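What follows is a set of notes on a single structure, which appears directly below.
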Amino acid sequence: MSEEKVSGGVQSLEIGLHVFNSLVEHNNPIMLKDLSHKLGMHPAKVHRYLASLIRMNYARQLEDGQYGLGEQAWRLGLRCIQHTDTLQLVQSQIYEMQGKIGSSIQISKWSPRGPLVVQSIESLHPVSIVTRVGSIMPLVNSAAGRIYASYLPEHLVRPLMEEEWKKHTSSNKTLSPKNWEEFLILKNQIQAQKMSVAQGDLLTGINAVGLPIFNTYNAIEFCIVVIDSEDMLPIQANHEKIIFLKQMAESINQYIRER
């Protein structure tokens, strides 16, 4: 098979990556004609590259004809997130925290779809946790979601939260908080305590504590969520385990600030 070469590279590969990058940058599904206009390429040519990206699972075509990212693209992004410098830098402190408290720990990073679980450390004692690496956590009723909703700009989080409220209303289920106004009250509490809690919100009898970790620009970098049974992880602010977790989180934040 012959390949077009330019400056020691493969031109067709570069064009294909250009199409892929446009899908990534657009963030939402897009119609072929709009993608072609964005790229300045003929639709038939763009379609050929999309067909190859779909075969390799880096893109997918939705039922309405729009094109979006495929599962392989999300796996690639997840791998990159898992190896970010800051997260790798504090792995020893995270494992120290888990070793002392014994509970499950999940690390999440922000993604366009919500908090993305990028690391999971199993509990040192039996506890039923089913969340997997690569899962997207809800914003309204998960510990990670409440942290991100409290520290990210409203225009990023509110539309996703409104979708969650709408979805549960249509299925006759209620979420707590019930609406944006109720959430703002919770947000003030979370920012004051630098901690969120979820008490049986996702799994009956399971508590979760979310702790925000910030980068050197004081923006949230990732979230640590500690998960255990309600007996093993009380959520009272004055409990020794909660005090320890907040001290560990502050130690990690200080280390990042001073590095």
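Identifiers in the structure tokens: chain A, B, ... in order shown; residue index from 1 per chain; ligand index from 1 in order shown.
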
Check which residues of range 66-120 of chain A sit at most 10 Å from range 208-214 of chain A using only C-alpha atoms, and return one row each with the closest pair of atoms and their distance in Å to one decimal, ordered by chain and rising number, as CSV.
residue,atom,partner,partner_atom,distance
A:Thr86,CA,A:Phe214,CA,9.6
A:Leu87,CA,A:Ile213,CA,9.6
A:Ser103,CA,A:Ala208,CA,9.8
A:Ser104,CA,A:Ala208,CA,9.4
A:Ile105,CA,A:Ala208,CA,9.4
A:Gln106,CA,A:Gly210,CA,9.3
A:Ile107,CA,A:Gly210,CA,9.5
A:Ser108,CA,A:Gly210,CA,10.0

Leu184 in chain A environment, 12 Å, only C-alpha atoms, sequence neighbours closer than 3 positions dropped, as JSON, numbers by chain: {"A": [140, 146, 149, 150, 151, 154, 158, 176, 177, 178, 179, 180, 181, 187, 188, 189, 190, 191]}

Those of range 48-133 of chain A in DSSP strand (DSSP E), formatted as an NGL selection string: :A and (59-61 or 67-69 or 104-111 or 114-121)

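Near Leu116 in chain A, within 9 Å and counting only C-alpha atoms, sit Leu78, Ile107, Ser108, Lys109, Trp110, Val133, Gly134, Ser135, Ile136 and Met137 of chain A, not including residues fewer than 6 positions from it in the same chain.
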
Selection: 9 Å around range 59-71 of chain A, only C-alpha atoms, excl. self and same-chain fewer than 4 positions, as JSON, numbers by chain: {"A": [20, 23, 24, 27, 28, 29, 30, 31, 32, 35, 50, 51, 52, 53, 54, 55, 75, 76]}

Interatomic distance (Å, one decimal) between CA of Gly200 in chain A and CA of Ser229 in chain A: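 About the pair CA of Gly200 in chain A and CA of Ser229 in chain A: they are 9.1 Å apart.
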
For Ser251 in chain A: contacts at 12 Å, only C-alpha atoms, fewer than 4 positions along chain excluded, given as a PyMOL selection string: chain A and resi 90+93-94+96-97+211-214+244-247+255-258

Pull C-alpha atoms from the residues just selected and write them as a PDB file, in the first residue's frame.
ATOM      1  CA  VAL A  90       1.066  12.613  45.425  1.00  0.00           C
ATOM      2  CA  GLN A  93       0.299  10.380  50.239  1.00  0.00           C
ATOM      3  CA  ILE A  94      -2.882   8.897  48.765  1.00  0.00           C
ATOM      4  CA  GLU A  96      -0.664   6.508  53.040  1.00  0.00           C
ATOM      5  CA  MET A  97      -4.176   7.849  53.610  1.00  0.00           C
ATOM      6  CA  LEU A 211     -12.047  16.030  49.473  1.00  0.00           C
ATOM      7  CA  PRO A 212     -10.945  18.671  46.910  1.00  0.00           C
ATOM      8  CA  ILE A 213      -7.315  18.802  45.775  1.00  0.00           C
ATOM      9  CA  PHE A 214      -6.176  22.039  44.136  1.00  0.00           C
ATOM     10  CA  PHE A 244      -7.685  12.804  59.857  1.00  0.00           C
ATOM     11  CA  LEU A 245      -8.959  12.827  56.273  1.00  0.00           C
ATOM     12  CA  LYS A 246      -9.182  16.613  56.202  1.00  0.00           C
ATOM     13  CA  GLN A 247      -5.681  16.886  57.641  1.00  0.00           C
ATOM     14  CA  TYR A 255       2.656  19.916  49.230  1.00  0.00           C
ATOM     15  CA  ILE A 256       1.303  20.837  45.780  1.00  0.00           C
ATOM     16  CA  ARG A 257       1.374  24.563  46.601  1.00  0.00           C
ATOM     17  CA  GLU A 258       4.972  24.440  47.784  1.00  0.00           C
TER      18      GLU A 258
END

Which residue of A:Glu164, A:Glu230, A:Val19, A:Met56 approaches Pro43 in chain A most closely, using only C-alpha atoms: A:Val19
